[in-house]
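For reference, the structure discussed in these notes is given below.
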Amino acid sequence: MSKTTADSPAETPRADPSGDDQDLGAAGSQLSTAPVETAMPGSFGGNRAPGPTGWLAWTGRELLGWARWFWRQLTSMRVALMLLFLLSLGAVPGSLIPQSGTDALKVSEFQDAHKTLGPIYQKLGLFHVFSSAWFGAIYVMLFVSLVGCIIPRTWQFVGQLRGRPPGAPKRLNRLPAYATWRTAAEPEQVREVALATLRKRRFRAHVDGDAVAAEKGYLRETGNLLFHLALIVMLIAFAWGQLFKSEGDKLIVEGDGFSNTLTQYDDFKSGNLFSDDDLVPFSFNLKNFIGTYERTGPNRGTPSTFQADITYSLGAYGKSEKHTIKVNEPLEIGDSKVYLVSHGYAPVVTVRDGKGNVVLHQAVPMLPIDSNVTSQGAIKVLDGYKNTQGVAEQLGFAALFVPTYAKGSGTMFSQYPGLDYPVLNVTGYHGDLGVNSGIPQNVYQLDTKNLKQFKDAKGNILKAQLLPGETMKLPNGAGSITFDKQIKEWAGFQVVQQPGTTWALAGALTAIVGLAGSLFIQRRRVWVRATRGADGVTVVEMAGLGRSESAKLPEELGDLAALVHDRAPTKTDGGSTESETGSTRTDGGSTKSDPGSAKTDEAPTRTDGGSTKSDPGSAKTDEAPTKTDGGSIKPETGSTKPETGSTKPETGSIKPETGSIKPETDSTKPDTGSTKSDTGSPTPGTAPTKTDDDPKTPISDADTHDFDSGVEPPVPAEGAEK
């Protein structure tokens, strides 16, 4: 494949960059649907007409222009990235500073510990970041920016899909990737071959005039739009989930149950638009909790089994079903998920009054305070107890429970989370627990403000360490407390109802796919032009254009050119064809080669009556024979004659090595096409003679004019054909 243009390369200078865009026209447009960035203008109103009417018209144009400019800025990629960064930055204090919606107690402790920062954080809304006005404003502006960006780009992209690739520009050699050659095939045939080849390579192609226009890589823009659409879906899903979410915690002892109502929760939080009717109607009972731990090795005490066996039913009259809840394997009922989040022990205790009447018999949950499940809690007797004087009182016991007590250590700290050697430490109080004051209390702690401690006969505080089955008697016949042999376990559950999580996950996955498509797929256009040259030979030009410079575009164009060239090969001046394809040219600095530049000794030759014929362009520049006026070698005598339509080399005319031959009427022109020579080169000082191989070759006086005048013809270069 040879590089051939309508004009000689030396006569076709490269245009400046500004002219390239004008020459490309529609061919270089709409490779992307990204909005065009606009600079801040000075004024939109233009000239102001005199009078109040002119002022009002000018003001209207000014306001409308600025509104449009602000909208373009808001929907630009730069502003969208800024808003996304601000949203991420605003979420940082929501993760580092205690939030009132998550843990109001920690917020109160932070304000008490930081008298200066507390009020400032409160005014800035840093204790409720995700529901603050400024965070919501950033969220809404980002949403509007994405919507305002994706809608026009989607319509523009749909228009591109419904249309056809733009026609070829006037000058294909100005494009970054370019290849050309001459072929004996008809232009219509070349276009048909190019159209079939491009469609086979999944290009959208059509014939437009004398060229085939093709385009590929629409998935790049599809991925870009999918990425923006996925961000919008994620924003909607997150907002929907925060507004309608609910989250509640419940501690359940083995044998007890739970019904999904607000009064059943120990702690409950919900979104601003959540209502009680949004709760999924279900209930479940904790039948058994199984927790086992590693006993040896560096992981001693680490849970190996952590599961809760339950039975649940949906609705008031739903069928009861069994299920096992494990860590990270929640129970899913409708839009709600029930997670297993914690575990502990609930020793069973029995409290009696002075007459031996049982006033309390239940399993009391203890809250763990370390990894070995050392636990603390409170045992409260609210009703039914009377002291020795017959006065109704309330009893309270501060309790500390260890599942594995270290004998002889004297400290109430567990050595292992399993029930190897359980011990219950209790300290008794009597009086008013304060539960009737109307002030909420922690059920796992005692309010000792209105309580008195029991003391023994010596005046010491009454407390004891009880093993399962042991009893501590209260002084003066006030009653007793027994640590029963039965020890139950409890499990902590978190019931979460957050709609939109599925949509958020789908949006995240779609965003990844869309981003990958927009980054790794290149949108490009290819044109193949086939026209008939002045000499009647078809000139084929191929060029490619991408949105950005890439080494893959010239490679792909080279592959396409090779496929087309196989069916429309290069035509030599002698009528034969060559199958070698030339390399493509890029503006990125790659080399450009001109196929057909094979050396003389490598080109195939044809013998015709003693003369030889070499392939086009095979003769070296300093070996090509020259034509002179008086002493030129006629075609009948085997002289060199330039072929019509042959390509002129860039090196210009060829001067002979020995002697200067000055033509009288015509300039010396080398032959870049086929080179014909007689069976022998003319000998200096002698005229060409008639040979037996060419008996009809006439010899005239004009043929020997230069030789008679004493001018010697050029001596053939070493290695030239004879």
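Residue numbering restarts at 1 for every chain of the structure tokens, chains are lettered A, B, ... in their displayed order, and ligands are numbered from 1 as they appear.
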Residue set, stretch 163-390 of chain A restricted to strand (DSSP E or B), as a VMD selection string: chain A and resid 177 to 183 204 to 208 211 to 216 246 to 253 257 to 259 267 to 270 282 to 293 303 to 314 321 to 326 329 331 to 333 336 to 352 358 to 363 367 to 368 375 to 381 386
Test item: residues at most 9 Å from A:Asn328, only C-alpha atoms, excluding those fewer than 3 positions along its chain, as a list in words: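 Near neighbours after the sequence-gap exclusion: Ile325, Tyr339, Leu340 and Val341 of chain A.
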Residues just named, written with N, CA, C and O atoms as an mmCIF file, in the first residue's frame:
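Output contents, as saved in part24.cif:
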data_model
loop_
_atom_site.group_PDB
_atom_site.id
_atom_site.type_symbol
_atom_site.label_atom_id
_atom_site.label_comp_id
_atom_site.auth_asym_id
_atom_site.auth_seq_id
_atom_site.Cartn_x
_atom_site.Cartn_y
_atom_site.Cartn_z
ATOM 1 N N ILE A 325 -30.908 -17.629 63.579
ATOM 2 C CA ILE A 325 -30.267 -16.351 63.267
ATOM 3 C C ILE A 325 -28.816 -16.422 63.713
ATOM 4 O O ILE A 325 -28.523 -16.765 64.863
ATOM 5 N N TYR A 339 -31.328 -8.764 63.165
ATOM 6 C CA TYR A 339 -29.918 -9.116 63.316
ATOM 7 C C TYR A 339 -29.647 -9.578 64.742
ATOM 8 O O TYR A 339 -30.227 -9.054 65.713
ATOM 9 N N LEU A 340 -28.739 -10.533 64.898
ATOM 10 C CA LEU A 340 -28.235 -10.950 66.205
ATOM 11 C C LEU A 340 -26.988 -10.126 66.504
ATOM 12 O O LEU A 340 -25.985 -10.210 65.787
ATOM 13 N N VAL A 341 -27.028 -9.298 67.563
ATOM 14 C CA VAL A 341 -25.956 -8.336 67.801
ATOM 15 C C VAL A 341 -25.224 -8.534 69.129
ATOM 16 O O VAL A 341 -24.086 -8.063 69.276
#
Counting only C-alpha atoms, the residue of A:Gly94, A:Leu395, A:Val496, A:Thr311 that sits nearest A:Asp447: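 So, comparing all the options, the nearest one is A:Leu395.
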Residue nearest A:Tyr139 - candidates A:Leu87, A:Ala457, A:Ala194, A:Val537, atoms counted: only C-alpha atoms: A:Leu87
